[in-house]
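Below is one structure, written out as structure tokens, with a few remarks after it.
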Amino acid sequence: CRTNRPHAALRLLNNMPSQGCEFNAVAYCTVISGFYEQDYRAEAYELFVNMLSQGFCPNITTFNKLIHTLAKKGDVRESEKLFNKVYKRGVSPNLFTFNIFIQGLCKKGLLSEAVRLLDGVKREGLTPDVVTYNTLICGLCKKSEVDKAECYLHTMVNDGLEPDGFTYNTIIDGYCKQGKIQNADNLLKDATYKGFVPDEFTYCSLINGLWQEGDIDRAMDVFAEALGKGLKPS
RNA sequence: GCGACUUUAGCCA
């Protein structure tokens, strides 16, 4: 599958029993992911159904890997279809599962659904963590909803979570891409005050943002500042 | 018993 040849992988999979190897859900899901990755959606789905009918059901970790492949492609609807099937067989979602779904929904532009899923996490008796919020914040930023994203920064703090570098860098980048360098700067000041140390992600976003705005002088200043902190250009 | 699975910039393939 890693070399983009899912059909070859499938032949191997089918040969496993004759080689005396254990034929299991992990192997199945690996091949299924490969098919989805190459957009053989029908084959992938058929193989999934096949796996279940043979009595192999992935555990949640194995399942998460599979839907992560789909989330990256923005195919949440397919993930839901698969999820409903394993859910019926007693597989319960964990926080990773929700985080992956939130990512998939955002990628597809289904932002309000992603926000609603945050409540879904709580309904399932789970507690959203920093990654949950970061995922949502990132999704909002990518769809230019940076102000909303910053609202969730406050929400997470109210929930007793501490924003990390992912959180700050994501929102700073969101503002930079919108040309709202002032907002990015304000947030950076605030974050620095709270102990955040800007890294290469932060500087890269700022420099790109300033450059896009035609503010070459400040871009150079920020670049010099990054060098001064021992960060290496790449 | 322990582990597996989720989130941020740009560049390149």
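Within each chain, counting starts at residue 1; across the structure tokens, chains are named A, B, ... in the order shown, with ligands numbered 1 upward in that order.
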Just want the 8 Å neighbourhood of U6 (chain B), counted on only C-alpha atoms (C1' of nucleotides), with same-chain residues fewer than 2 positions away dropped. Output as a list of chain:residue names.
A:His68, A:Phe96, A:Thr97, A:Asn99, A:Ile100, A:Val131
Save out the residues we just selected, N, CA, C and O atoms, as a PDB file, in the first residue's frame.
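Just written: result_17.pdb:
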ATOM      1  N   HIS A  68      -8.799   7.984   9.665  1.00  0.00           N
ATOM      2  CA  HIS A  68      -7.878   9.103   9.518  1.00  0.00           C
ATOM      3  C   HIS A  68      -7.484   9.277   8.047  1.00  0.00           C
ATOM      4  O   HIS A  68      -7.360  10.396   7.549  1.00  0.00           O
ATOM      5  N   PHE A  96      -9.844  10.089  20.273  1.00  0.00           N
ATOM      6  CA  PHE A  96      -9.150  10.135  18.986  1.00  0.00           C
ATOM      7  C   PHE A  96     -10.152  10.082  17.837  1.00  0.00           C
ATOM      8  O   PHE A  96     -10.037  10.805  16.856  1.00  0.00           O
ATOM      9  N   THR A  97     -11.145   9.199  17.993  1.00  0.00           N
ATOM     10  CA  THR A  97     -12.156   9.048  16.949  1.00  0.00           C
ATOM     11  C   THR A  97     -12.860  10.379  16.689  1.00  0.00           C
ATOM     12  O   THR A  97     -13.020  10.798  15.539  1.00  0.00           O
ATOM     13  N   ASN A  99     -11.799  13.381  17.456  1.00  0.00           N
ATOM     14  CA  ASN A  99     -10.854  14.354  16.901  1.00  0.00           C
ATOM     15  C   ASN A  99     -10.689  14.163  15.402  1.00  0.00           C
ATOM     16  O   ASN A  99     -10.632  15.123  14.634  1.00  0.00           O
ATOM     17  N   ILE A 100     -10.623  12.918  14.993  1.00  0.00           N
ATOM     18  CA  ILE A 100     -10.476  12.628  13.568  1.00  0.00           C
ATOM     19  C   ILE A 100     -11.726  13.055  12.795  1.00  0.00           C
ATOM     20  O   ILE A 100     -11.637  13.639  11.712  1.00  0.00           O
ATOM     21  N   VAL A 131      -6.032  18.719  21.946  1.00  0.00           N
ATOM     22  CA  VAL A 131      -6.018  18.321  20.532  1.00  0.00           C
ATOM     23  C   VAL A 131      -7.400  18.523  19.901  1.00  0.00           C
ATOM     24  O   VAL A 131      -7.511  18.984  18.762  1.00  0.00           O
TER      25      VAL A 131
END
Query raised in the report: Taking only C-alpha atoms (C1' of nucleotides) into account, what are the residues of chain A at most 9 Å from chain B, put as a PyMOL selection string?
Result: chain A and resi 60-66+68+95-100+103+130-138+165-171+173+200-205+208+234
_Considering only helix (DSSP H, G or I) as DSSP defines it on the backbone, what residues of region 61-218 of chain A qualify? List them as a ChimeraX atom specification._
/A:61-72,76-88,95-107,111-123,130-142,146-158,165-177,181-193,200-212,216-218
Top pick for closest residue to Glu145 (chain A), considering A:Phe48, A:Phe83, A:Phe101, A:Tyr175 and counting only C-alpha atoms =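 That would be A:Tyr175, the residue with the smallest distance to Glu145 (chain A).
Distances from A:Gly125, A:Gly139, A:Pro163, A:Gly174 to Thr192 (chain A) were compared using only C-alpha atoms, and the smallest one belongs to A:Pro163.
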